[in-house]
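Raw my_file_34.txt, compact mmCIF, C-alpha atoms:
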# COMPACT_ATOMS: atom_id res chain seq x y z
CA MET K 1 126.03 89.41 124.47
CA ASP K 2 125.60 86.46 122.24
CA MET K 3 123.44 83.80 123.84
CA ASN K 4 125.43 80.96 122.34
CA ASP K 5 128.71 82.09 123.86
CA ALA K 6 127.09 82.14 127.30
CA THR K 7 125.95 78.53 126.98
CA ILE K 8 128.32 76.45 129.06
CA ILE K 9 126.26 73.30 129.36
CA THR K 10 125.23 71.62 126.13
CA ALA K 11 121.78 70.20 125.55
CA GLU K 12 123.12 66.65 125.92
CA GLN K 13 124.74 67.43 129.25
CA ARG K 14 121.54 69.12 130.40
CA ASP K 15 119.43 66.08 129.52
CA ASP K 16 121.95 63.88 131.31
CA LEU K 17 121.70 66.01 134.42
CA ARG K 18 117.93 65.84 134.24
CA ARG K 19 118.06 62.07 134.34
CA HIS K 20 119.93 62.43 137.60
CA GLY K 21 117.31 64.74 139.07
CA ILE K 22 119.08 68.04 138.51
CA LEU K 23 116.91 70.55 136.64
CA LEU K 24 118.83 73.15 134.72
CA THR K 25 117.03 75.32 132.23
CA SER K 26 117.29 78.58 130.35
CA MET K 27 114.94 81.50 130.21
CA GLU K 28 114.27 80.72 126.56
CA GLU K 29 113.40 77.09 127.22
CA LEU K 30 111.16 77.88 130.16
CA TYR K 31 109.40 80.66 128.28
CA ASN K 32 108.77 78.53 125.19
CA TRP K 33 107.78 75.49 127.28
CA GLY K 34 105.13 77.52 129.02
CA ARG K 35 103.83 79.09 125.83
CA SER K 36 103.74 75.85 123.86
CA HIS K 37 101.52 74.10 126.40
CA SER K 38 98.79 76.69 126.67
CA ILE K 39 97.94 77.66 123.11
CA TRP K 40 94.45 79.05 123.26
CA PRO K 41 92.65 78.80 119.93
CA LEU K 42 90.08 81.26 118.70
CA ASN K 43 86.54 79.89 118.87
CA PHE K 44 85.98 80.30 115.17
CA GLY K 45 84.82 77.91 112.45
CA LEU K 46 84.09 78.43 108.78
CA ALA K 47 82.81 75.15 107.31
CA CYS K 48 82.81 71.38 107.75
CA CYS K 49 86.43 71.32 109.05
CA ALA K 50 85.09 73.20 112.07
CA ILE K 51 83.04 70.11 112.96
CA GLU K 52 86.27 68.09 113.15
CA MET K 53 87.84 70.88 115.22
CA ILE K 54 84.87 70.69 117.61
CA ALA K 55 85.23 66.91 117.74
CA ALA K 56 88.91 67.33 118.61
CA SER K 57 87.93 69.48 121.57
CA MET K 58 85.41 66.95 122.89
CA ALA K 59 85.98 64.02 125.24
CA LYS K 60 86.94 61.36 122.71
CA PHE K 61 89.92 63.20 121.19
CA ASP K 62 90.35 65.68 124.04
CA ILE K 63 92.55 68.53 122.86
CA ALA K 64 92.90 69.42 126.57
CA ARG K 65 95.66 66.80 126.75
CA PHE K 66 97.78 69.29 124.82
CA GLY K 67 96.71 72.40 126.72
CA SER K 68 94.54 73.90 124.01
CA GLU K 69 91.07 73.29 125.39
CA VAL K 70 90.40 76.96 126.13
CA PHE K 71 88.65 78.13 122.98
CA ARG K 72 88.38 81.88 123.40
CA PRO K 73 85.36 83.70 121.99
CA SER K 74 87.37 86.91 121.61
CA PRO K 75 90.41 87.32 119.34
CA ARG K 76 91.94 89.57 122.01
CA GLN K 77 92.48 86.52 124.24
CA ALA K 78 93.47 83.95 121.62
CA ASP K 79 96.92 82.73 120.54
CA LEU K 80 95.95 80.50 117.65
CA LEU K 81 93.72 81.06 114.62
CA ILE K 82 92.55 77.72 113.20
CA VAL K 83 91.20 78.56 109.75
CA SER K 84 88.87 75.60 109.59
CA GLY K 85 87.03 75.60 106.32
CA THR K 86 86.35 77.33 103.03
CA VAL K 87 87.23 81.03 103.07
CA THR K 88 84.93 82.87 100.69
CA LYS K 89 86.11 86.13 99.22
CA LYS K 90 83.30 87.83 101.09
CA MET K 91 84.57 86.39 104.38
CA ALA K 92 88.32 86.90 103.79
CA PRO K 93 88.56 90.55 104.98
CA GLN K 94 86.82 89.59 108.23
CA VAL K 95 89.25 86.70 108.79
CA VAL K 96 92.20 89.06 108.28
CA ARG K 97 90.61 91.53 110.72
CA LEU K 98 90.28 88.78 113.33
CA TRP K 99 93.96 87.95 112.81
CA ASN K 100 94.93 91.61 113.26
CA GLN K 101 92.90 91.78 116.47
CA MET K 102 94.79 88.88 118.03
CA PRO K 103 97.72 89.86 120.28
CA GLU K 104 101.22 88.60 119.57
CA PRO K 105 102.62 85.99 119.84
CA LYS K 106 100.00 84.44 117.56
CA TYR K 107 99.95 81.47 115.22
CA CYS K 108 97.80 80.35 112.31
CA ILE K 109 96.85 76.82 111.29
CA ALA K 110 95.33 76.33 107.83
CA MET K 111 93.10 73.31 108.40
CA GLY K 112 91.87 71.36 105.38
CA ALA K 113 92.19 71.62 101.61
CA CYS K 114 90.01 74.74 101.32
CA ALA K 115 91.96 76.83 103.81
CA ILE K 116 95.23 75.72 102.18
CA SER K 117 94.40 76.26 98.52
CA GLY K 118 90.66 76.62 97.94
CA GLY K 119 90.41 72.84 97.70
CA PRO K 120 87.60 71.47 95.54
CA PHE K 121 86.26 75.02 95.13
CA LYS K 122 89.56 76.44 93.87
CA GLN K 123 88.10 77.51 90.53
CA GLY K 124 85.00 79.04 92.10
CA TYR K 125 84.13 82.69 91.60
CA ASN K 126 83.79 83.41 95.32
CA VAL K 127 86.39 81.20 97.01
CA LEU K 128 89.76 82.43 98.20
CA LYS K 129 92.57 80.22 96.90
CA GLY K 130 94.16 79.71 100.29
CA ILE K 131 94.24 81.86 103.41
CA ASP K 132 98.05 82.13 103.10
CA ARG K 133 97.40 84.80 100.47
CA PHE K 134 96.62 87.21 103.31
CA ILE K 135 97.82 85.67 106.59
CA PRO K 136 101.20 84.04 107.35
CA VAL K 137 100.39 80.38 108.02
CA ASP K 138 102.51 78.33 110.44
CA ILE K 139 101.05 74.84 110.00
CA TYR K 140 99.16 73.35 107.07
CA ILE K 141 96.94 70.32 107.79
CA PRO K 142 95.85 68.58 104.59
CA GLY K 143 92.61 66.63 104.43
CA CYS K 144 89.03 67.09 103.39
CA PRO K 145 88.30 67.40 106.23
CA PRO K 146 91.31 66.30 108.31
CA ARG K 147 90.57 63.84 111.08
CA PRO K 148 90.77 65.18 114.65
CA GLU K 149 94.00 63.17 115.03
CA ALA K 150 95.47 65.21 112.18
CA LEU K 151 94.54 68.43 113.95
CA LEU K 152 96.16 67.15 117.14
CA ASN K 153 99.28 66.26 115.15
CA GLY K 154 99.30 69.75 113.66
CA LEU K 155 99.03 71.19 117.15
CA VAL K 156 101.95 69.09 118.35
CA GLN K 157 104.01 70.26 115.40
CA LEU K 158 103.12 73.85 116.25
CA GLN K 159 104.30 73.20 119.82
CA GLN K 160 107.61 71.90 118.47
CA LYS K 161 107.89 74.99 116.31
CA ILE K 162 107.27 77.26 119.31
CA ARG K 163 109.82 75.36 121.41
CA GLY K 164 112.41 75.95 118.71
CA GLN K 165 111.92 79.70 118.63
CA ALA K 166 114.70 81.99 119.85
CA ILE K 167 113.72 84.89 122.07
CA ALA K 168 116.56 87.11 120.90
CA GLY K 169 118.83 87.54 117.94
CA PRO K 170 118.23 87.54 114.22
CA ASP K 171 116.08 84.36 114.32
CA ALA K 172 113.59 85.79 116.79
CA PRO K 173 109.93 85.66 115.75
CA ARG K 174 108.29 88.78 114.40
CA HIS K 175 106.63 89.82 117.66
CA LEU K 176 110.04 90.24 119.32
CA ARG K 177 111.43 92.34 116.50
CA SER K 178 110.90 95.99 115.77
CA ASP K 179 111.59 95.76 112.03
CA GLN K 180 108.60 93.55 111.21
CA SER K 181 104.94 94.48 111.30
CA CYS K 182 102.51 92.13 113.02
CA ASP K 183 99.48 93.40 111.08
CA CYS K 184 98.30 92.19 107.71
CA ASP K 185 96.63 94.44 105.17
CA VAL K 186 92.87 93.91 104.95
CA PRO K 187 91.74 93.48 101.32
CA GLU K 188 88.91 95.57 99.90
CA PHE K 189 85.94 94.37 97.87
CA GLY K 190 86.47 95.04 94.16
CA GLU K 191 84.10 94.68 91.23
CA HIS K 192 84.86 90.99 90.63
CA ASP K 193 87.56 90.04 93.12
CA LEU K 194 89.30 91.20 96.25
CA GLU K 195 91.60 94.21 95.85
CA PRO K 196 94.37 93.11 95.90
CA PRO K 197 93.65 89.39 95.19
CA HIS K 198 96.61 88.49 97.42
CA ASN K 199 98.99 90.34 99.71
CA PRO K 200 102.24 90.62 97.72
CA ALA K 201 104.26 91.11 100.91
CA ILE K 202 103.18 87.69 102.21
CA TRP K 203 102.49 85.50 99.21
CA SER K 204 103.29 85.14 95.54
CA ALA K 205 102.03 82.51 93.11
CA PRO K 206 104.24 79.45 92.77
CA THR K 207 105.97 79.36 89.44
CA LEU K 208 107.25 76.51 87.37
CA VAL K 209 109.95 76.69 84.72
CA ARG K 210 108.76 74.69 81.78
CA LYS K 211 110.77 73.36 78.89
CA GLU K 212 110.92 75.66 75.89
CA ALA K 213 109.10 74.41 72.84
CA PRO K 214 111.58 73.12 70.27
CA MET S 1 47.28 64.71 94.29
CA GLU S 2 46.14 66.05 90.96
CA THR S 3 48.56 65.86 88.08
CA ALA S 4 50.10 68.97 86.58
CA GLU S 5 47.74 68.64 83.61
CA GLN S 6 44.68 68.56 85.87
CA ILE S 7 45.91 71.58 87.78
CA ARG S 8 46.51 73.37 84.50
CA ASP S 9 42.97 72.63 83.30
CA ARG S 10 41.51 74.00 86.51
CA LEU S 11 43.73 77.07 86.27
CA LEU S 12 42.60 77.72 82.70
CA VAL S 13 38.99 77.74 83.89
CA ARG S 14 39.81 80.01 86.80
CA PHE S 15 42.12 82.36 84.83
CA PRO S 16 40.71 82.42 81.27
CA GLY S 17 43.23 84.94 79.91
CA ALA S 18 46.33 83.15 81.16
CA ASP S 19 48.50 81.14 78.78
CA ILE S 20 49.69 78.25 80.97
CA ALA S 21 51.93 75.64 79.37
CA ILE S 22 53.12 72.26 80.56
CA VAL S 23 56.89 71.66 80.58
CA ALA S 24 57.53 67.94 80.38
CA ASN S 25 60.43 66.35 82.25
CA PRO S 26 61.82 63.31 80.43
CA SER S 27 63.89 62.16 83.43
CA PRO S 28 62.74 59.16 85.54
CA SER S 29 61.26 61.47 88.16
CA ALA S 30 58.89 62.79 85.45
CA GLN S 31 58.15 65.92 87.41
CA THR S 32 56.23 67.95 84.89
CA SER S 33 55.97 71.63 85.66
CA LEU S 34 53.66 74.53 84.89
CA LEU S 35 55.04 77.44 82.89
CA LEU S 36 53.12 80.48 84.09
CA PRO S 37 52.71 83.82 82.31
CA ALA S 38 54.41 86.53 84.37
CA PRO S 39 51.42 88.94 84.58
CA HIS S 40 49.17 86.30 86.16
CA ALA S 41 51.84 84.53 88.22
CA ARG S 42 51.08 86.08 91.58
CA ASP S 43 47.31 85.58 91.29
CA ILE S 44 47.81 81.96 90.25
CA ALA S 45 50.27 81.39 93.11
CA GLY S 46 47.81 82.84 95.61
CA TRP S 47 45.08 80.57 94.24
CA LEU S 48 47.34 77.49 94.48
CA ARG S 49 48.06 78.33 98.10
CA ASP S 50 44.43 78.99 99.10
CA GLU S 51 42.57 76.36 97.04
CA ARG S 52 41.00 73.86 99.43
CA SER S 53 41.96 70.72 97.53
CA LEU S 54 45.61 71.80 96.96
CA GLN S 55 46.65 73.98 99.92
CA LEU S 56 50.22 74.38 98.65
CA ASP S 57 51.27 76.24 101.76
CA SER S 58 55.04 75.70 101.56
CA CYS S 59 57.53 76.86 98.95
CA SER S 60 60.55 74.71 99.64
CA ASN S 61 62.89 75.70 96.84
CA VAL S 62 63.46 78.57 94.44
CA THR S 63 66.18 78.30 91.87
CA GLY S 64 67.23 79.90 88.61
CA ILE S 65 68.29 78.65 85.20
CA ASP S 66 70.15 80.62 82.56
CA TRP S 67 69.19 79.76 78.99
CA PRO S 68 71.60 81.51 76.63
CA ASP S 69 70.78 82.29 73.00
CA LYS S 70 70.82 79.04 71.09
CA GLU S 71 71.38 78.41 67.42
CA VAL S 72 68.71 76.06 66.03
CA VAL S 73 68.91 74.42 62.61
CA ASP S 74 65.52 73.78 60.98
CA THR S 75 65.54 71.16 58.25
CA VAL S 76 62.75 71.24 55.65
CA ARG S 77 62.54 68.27 53.26
CA THR S 78 60.82 68.82 49.95
CA THR S 79 60.26 66.26 47.23
CA VAL S 80 61.11 67.55 43.78
CA ALA S 81 59.79 65.57 40.83
CA ASP S 82 62.35 64.83 38.16
CA PRO S 83 61.21 66.48 34.90
CA ALA S 84 62.92 63.68 32.91
CA GLY S 85 60.60 61.15 34.51
CA GLY S 86 63.10 59.55 36.90
CA PRO S 87 62.59 58.99 40.62
CA ALA S 88 61.75 62.07 42.65
CA LYS S 89 64.57 63.77 44.53
CA ILE S 90 64.39 64.76 48.16
CA VAL S 91 65.91 68.19 48.73
CA GLU S 92 66.85 69.20 52.24
CA GLN S 93 66.81 72.87 53.03
CA LYS S 94 68.51 73.90 56.23
CA THR S 95 67.87 77.26 57.84
CA LYS S 96 69.58 78.53 60.92
CA ARG S 97 67.84 80.75 63.40
CA ILE S 98 68.72 82.07 66.83
CA GLN S 99 66.40 80.92 69.57
CA PRO S 100 66.45 83.83 72.01
CA GLY S 101 67.59 82.99 75.52
CA CYS S 102 65.90 83.82 78.78
CA LEU S 103 66.24 83.48 82.52
CA GLU S 104 63.99 80.99 84.23
CA VAL S 105 62.94 80.77 87.86
CA VAL S 106 61.64 77.49 89.27
CA TYR S 107 59.51 77.17 92.41
CA HIS S 108 58.86 73.85 94.19
CA LEU S 109 55.63 73.86 96.17
CA TYR S 110 54.48 71.37 98.81
CA SER S 111 51.45 71.10 101.01
CA VAL S 112 52.23 70.50 104.65
CA ALA S 113 48.53 70.40 105.49
CA LEU S 114 47.63 67.73 102.94
CA LYS S 115 51.08 66.10 102.77
CA HIS S 116 51.49 66.19 99.03
CA GLY S 117 53.74 67.73 96.45
CA PRO S 118 55.69 68.91 94.69
CA VAL S 119 53.95 71.20 92.25
CA ILE S 120 56.56 72.92 90.16
CA LEU S 121 56.12 76.39 88.74
CA ARG S 122 58.34 78.02 86.14
CA LEU S 123 58.53 81.69 85.21
CA ARG S 124 60.52 83.01 82.27
CA THR S 125 61.83 86.49 81.58
CA GLY S 126 61.54 88.15 78.16
CA ASN S 127 65.27 88.03 77.49
CA ARG S 128 68.61 88.06 79.32
CA SER S 129 69.46 91.74 79.07
CA ASP S 130 66.75 94.36 79.61
CA ALA S 131 63.46 92.49 80.20
CA VAL S 132 64.56 90.54 83.27
CA SER S 133 61.72 91.45 85.63
CA LEU S 134 59.39 88.87 87.13
CA PRO S 135 56.75 89.21 89.83
CA SER S 136 58.03 88.21 93.25
CA LEU S 137 56.15 85.40 94.96
CA THR S 138 57.43 86.44 98.40
CA PRO S 139 54.05 88.08 99.22
CA VAL S 140 52.50 84.62 98.70
CA TRP S 141 55.16 82.44 100.35
CA ARG S 142 57.44 84.22 102.80
CA SER S 143 60.04 81.46 102.43
CA CYS S 144 60.84 82.76 98.93
CA GLU S 145 62.48 85.90 100.26
CA PHE S 146 66.09 84.79 100.66
CA GLN S 147 65.98 82.39 97.73
CA GLU S 148 64.68 85.08 95.38
CA ARG S 149 67.49 87.32 96.63
CA GLU S 150 69.91 84.53 95.75
CA VAL S 151 68.43 84.19 92.25
CA TYR S 152 68.71 87.97 91.86
CA ASP S 153 72.31 87.88 93.10
CA LEU S 154 73.56 85.02 90.95
CA PHE S 155 71.34 85.27 87.84
CA GLY S 156 70.19 88.90 87.76
CA VAL S 157 66.42 88.40 87.76
CA ILE S 158 64.65 91.53 89.12
CA PHE S 159 61.72 90.49 91.33
CA ASP S 160 58.99 93.16 91.32
CA GLY S 161 57.29 93.47 94.69
CA HIS S 162 60.13 91.83 96.65
CA PRO S 163 60.37 93.50 100.09
CA ASP S 164 64.19 93.63 100.25
CA LEU S 165 65.91 92.86 96.97
CA ARG S 166 69.64 93.02 97.75
CA ARG S 167 72.58 90.75 97.01
CA ILE S 168 72.82 87.96 99.56
CA LEU S 169 75.95 85.88 98.74
CA MET S 170 78.20 88.32 96.87
CA TRP S 171 79.17 91.70 98.32
CA ASP S 172 77.23 94.85 97.48
CA GLY S 173 79.78 96.37 95.07
CA PHE S 174 80.04 93.19 92.99
CA GLN S 175 79.44 93.60 89.25
CA GLY S 176 77.68 90.96 87.19
CA HIS S 177 75.90 87.74 88.05
CA PRO S 178 78.30 84.82 88.45
CA MET S 179 75.95 81.91 87.71
CA ARG S 180 75.15 83.19 84.22
CA ARG S 181 76.78 81.05 81.61
CA ASP S 182 78.58 83.97 80.00
CA TYR S 183 80.05 85.31 83.24
CA VAL S 184 83.81 85.62 82.93
CA GLU S 185 85.54 85.40 86.27
CA PRO S 186 88.76 87.35 86.90
CA ASP S 187 91.80 85.57 85.52
CA ASP S 188 93.49 84.74 88.82
CA TYR S 189 95.26 81.59 87.68
CA GLU S 190 97.41 79.74 90.17
CA TRP S 191 99.74 76.95 89.18
CA GLU S 192 98.34 73.45 89.68
CA PRO S 193 100.31 70.23 89.31
CA THR S 194 97.70 68.33 87.27
CA PRO S 195 95.60 70.80 85.28
CA HIS S 196 92.83 69.47 83.08
CA GLY S 197 89.80 70.79 81.24
CA GLU S 198 89.28 74.54 81.53
CA VAL S 199 92.16 74.82 83.97
CA LEU S 200 94.49 73.28 81.40
CA GLU S 201 93.42 75.92 78.88
CA LYS S 202 94.20 78.61 81.43
CA ALA S 203 97.52 76.95 82.21
CA LYS S 204 98.45 76.96 78.53
CA LYS S 205 97.68 80.66 78.36
CA HIS S 206 99.82 81.42 81.40
CA TYR S 207 102.61 79.05 80.42
CA PRO S 208 102.76 79.36 76.64
CA THR S 209 106.03 77.46 76.49
CA ILE S 210 104.50 74.08 77.25
CA ALA S 211 106.30 71.75 74.87
CA PRO S 212 104.45 68.75 73.48
CA PRO S 213 106.34 65.72 74.76
CA ALA S 214 108.59 64.08 72.23
CA ALA S 215 107.44 60.63 71.19
CA ALA S 216 110.42 59.01 72.92
CA ASP S 217 109.54 60.75 76.23
CA VAL S 218 105.93 59.59 76.30
CA VAL S 219 105.36 56.80 78.73
CA VAL S 220 102.42 54.68 77.74
CA HIS S 221 100.79 52.87 80.61
CA ASN S 222 99.20 49.50 80.09
CA GLY S 223 96.67 50.16 77.40
CA GLY S 224 96.29 53.77 78.50
CA ALA S 225 96.51 56.93 76.47
CA PRO S 226 99.80 58.84 76.56
CA ASN S 227 99.94 61.66 79.08
CA PRO S 228 99.15 64.99 77.47
Hey, can you dump this file as structure tokens for me?
Amino acid sequence: MDMNDATIITAEQRDDLRRHGILLTSMEELYNWGRSHSIWPLNFGLACCAIEMIAASMAKFDIARFGSEVFRPSPRQADLLIVSGTVTKKMAPQVVRLWNQMPEPKYCIAMGACAISGGPFKQGYNVLKGIDRFIPVDIYIPGCPPRPEALLNGLVQLQQKIRGQAIAGPDAPRHLRSDQSCDCDVPEFGEHDLEPPHNPAIWSAPTLVRKEAP
Amino acid sequence: METAEQIRDRLLVRFPGADIAIVANPSPSAQTSLLLPAPHARDIAGWLRDERSLQLDSCSNVTGIDWPDKEVVDTVRTTVADPAGGPAKIVEQKTKRIQPGCLEVVYHLYSVALKHGPVILRLRTGNRSDAVSLPSLTPVWRSCEFQEREVYDLFGVIFDGHPDLRRILMWDGFQGHPMRRDYVEPDDYEWEPTPHGEVLEKAKKHYPTIAPPAAADVVVHNGGAPNP
């Protein structure tokens, strides 16, 4: 059965009813509402961005307002991987392993310039040029490091993304589908670089079509 | 505290066979350093630590420097008398020679007991390829252990007598020493919107069809150079 055909009350009508004290909801909305307000991050920091992440969890910025104050020390109990800092090539396989150990549904935030692209160390011999080479990233937070407010904004955007997810049909996220794997390949250490340097199933280098020389 | 020259003079008395040189530092800090011969380095280091008036009990920093082979031009000026009786000519003769490179390790020593420092030691290897061994100073100052491992990892200096000489920053199967000036990193170029310098050279290699902008397309900012 198609979910859309079964919808008799539109979203506008539902909101109107809510204003009059009548609560109508769907399984999908309730499920996503619950999930989006208790995203437990993994207690995991890599560099200076982690200090901002810690500040966001403390009293002044108080990430608990958004339901994410429970930083789990084990990836088995975490929903969210905040890659907060420079990922060295030596560290990258361990980060991918942590991601694979997290249960679905799970989300990844690339926090700061280094986690997004390598940042100021992009040309370094031991710095990964962005964690999205190995892990599917949901939210990118630019900054060097981003302020705690930026992390909170990223979290709110992740909540909006979760609330928009369908629990059935072709648009369902990967953990509700049987045709998509939830694990990412862990790279090996090569002689000069990781083998492979990026996961071709997840990421490919951006290309630019330049003008031909006359 | 005594100057580096005074320490050197005392060392020459204490270690008559050692050839200890002074390396001047022309920067404002003027931290002159002692270039020690490798065979005597550990004995000298032990003496610097135990000498009553110095008591250099703390090695705060160990770092490496890569000096590649350098081409040096020597100019010799000779005055040649003119046989016709005119003014003498000055003939310049230029000869090129290769100054062999080496790897250098620098130690910064302080005294916690006497609150002075730093005394800077330098050690140099014979060359950059096969004679890269130096005595480890970890038996003298335990704080050298990890930093000597780092110098080994990134520069390839072999420290004889080090208790645990393994790579510390790079992984065990890594080949080469990335802080050497001739280290070529893997060509893993990724497009960047504003490449410049070395990255621009890489970008040109990966995008050989970069067209030089036609004169009419170049926008000149106020007094600025045209965009490349």
Within 12 Å of chain S, which residues of chain K are there when counting all atoms listed in the file? Please give them as a PyMOL selection string. chain K and resi 88-93+117-119+122-130+133+188-198+203-214
Take the residues from that selection and write them out as an mmCIF file, in the coordinates of the input, keeping C-alpha atoms.
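As a result, selection.cif now contains:
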data_model
loop_
_atom_site.group_PDB
_atom_site.id
_atom_site.type_symbol
_atom_site.label_atom_id
_atom_site.label_comp_id
_atom_site.auth_asym_id
_atom_site.auth_seq_id
_atom_site.Cartn_x
_atom_site.Cartn_y
_atom_site.Cartn_z
ATOM 1 C CA THR K 88 84.930 82.870 100.690
ATOM 2 C CA LYS K 89 86.110 86.130 99.220
ATOM 3 C CA LYS K 90 83.300 87.830 101.090
ATOM 4 C CA MET K 91 84.570 86.390 104.380
ATOM 5 C CA ALA K 92 88.320 86.900 103.790
ATOM 6 C CA PRO K 93 88.560 90.550 104.980
ATOM 7 C CA SER K 117 94.400 76.260 98.520
ATOM 8 C CA GLY K 118 90.660 76.620 97.940
ATOM 9 C CA GLY K 119 90.410 72.840 97.700
ATOM 10 C CA LYS K 122 89.560 76.440 93.870
ATOM 11 C CA GLN K 123 88.100 77.510 90.530
ATOM 12 C CA GLY K 124 85.000 79.040 92.100
ATOM 13 C CA TYR K 125 84.130 82.690 91.600
ATOM 14 C CA ASN K 126 83.790 83.410 95.320
ATOM 15 C CA VAL K 127 86.390 81.200 97.010
ATOM 16 C CA LEU K 128 89.760 82.430 98.200
ATOM 17 C CA LYS K 129 92.570 80.220 96.900
ATOM 18 C CA GLY K 130 94.160 79.710 100.290
ATOM 19 C CA ARG K 133 97.400 84.800 100.470
ATOM 20 C CA GLU K 188 88.910 95.570 99.900
ATOM 21 C CA PHE K 189 85.940 94.370 97.870
ATOM 22 C CA GLY K 190 86.470 95.040 94.160
ATOM 23 C CA GLU K 191 84.100 94.680 91.230
ATOM 24 C CA HIS K 192 84.860 90.990 90.630
ATOM 25 C CA ASP K 193 87.560 90.040 93.120
ATOM 26 C CA LEU K 194 89.300 91.200 96.250
ATOM 27 C CA GLU K 195 91.600 94.210 95.850
ATOM 28 C CA PRO K 196 94.370 93.110 95.900
ATOM 29 C CA PRO K 197 93.650 89.390 95.190
ATOM 30 C CA HIS K 198 96.610 88.490 97.420
ATOM 31 C CA TRP K 203 102.490 85.500 99.210
ATOM 32 C CA SER K 204 103.290 85.140 95.540
ATOM 33 C CA ALA K 205 102.030 82.510 93.110
ATOM 34 C CA PRO K 206 104.240 79.450 92.770
ATOM 35 C CA THR K 207 105.970 79.360 89.440
ATOM 36 C CA LEU K 208 107.250 76.510 87.370
ATOM 37 C CA VAL K 209 109.950 76.690 84.720
ATOM 38 C CA ARG K 210 108.760 74.690 81.780
ATOM 39 C CA LYS K 211 110.770 73.360 78.890
ATOM 40 C CA GLU K 212 110.920 75.660 75.890
ATOM 41 C CA ALA K 213 109.100 74.410 72.840
ATOM 42 C CA PRO K 214 111.580 73.120 70.270
#
Find the spatial neighbours of stretch 49-59 of chain K, counting all atoms listed in the file, within a cut-off of 10 Å - ignore same-chain residues fewer than 5 positions away - and output them as a list in words. Asn43, Phe44, Ala64, Arg65, Ser68, Glu69, Val70, Phe71, Ile82, Val83, Ser84, Gly85, Thr86, Met111, Gly112, Ala113, Cys114, Ala115, Gly143, Cys144, Pro145, Pro146, Arg147, Pro148, Glu149, Ala150, Leu151 and Leu152 of chain K
Which polymer residues have any atom within 10 Å of an atom of S:Asp66, counting all atoms listed in the file, with same-chain residues fewer than 4 positions away left out, as a list in words?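 The filter keeps Gly101, Cys102, Leu103, Glu104, Val105, Arg124, Arg128, Phe155, Gly156, Met179, Arg180, Arg181 and Asp182 of chain S.
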Write out as a PyMOL selection string the residues lying within 9 Å of stretch 41-45 of chain S, counting all atoms listed in the file and excluding same-chain residues fewer than 3 positions away. chain S and resi 11+14-15+36-38+48-50+56+121+123+134-137+139-141
Atom pair atom CA of K:Trp40 / atom CA of K:Arg14: separation (Å):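 For atom CA of K:Trp40 relative to atom CA of K:Arg14, the distance reads 29.7 Å.
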Between K:Ile131, K:Leu158, K:Pro73, K:Pro103, which residue has the minimum interatomic distance to K:Ile116, considering all atoms listed in the file?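 Result for the nearest residue to K:Ile116: K:Ile131.
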If you measure from atom CA of S:Asp69 to atom CA of S:Pro100, what distance in Å do you get, rounded to one decimal? 4.7 Å
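Between atom CA of S:Asn25 and atom CA of S:Arg122 the separation is 12.5 Å.
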Within 8 Å of K:Asp79, counting all atoms listed in the file, which residues show up once you throw out same-chain ones fewer than 6 positions away? Write them as a PyMOL selection string, please. chain K and resi 39-42+102-107
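For the set S:Asp160, S:Asp9, S:Asp153, S:Glu148, the residue with the smallest atom-to-atom gap to S:Ser60 is S:Glu148, counting only C-alpha atoms.
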To box stretch 156-162 of chain S, take all atoms listed in the file, fit an axis-aligned box, add 4 Å on each side, and give centre and edge lengths in Å to one decimal, as JSON.
{"center_x": 63.7, "center_y": 90.9, "center_z": 92.2, "size_x": 20.9, "size_y": 13.1, "size_z": 16.9}
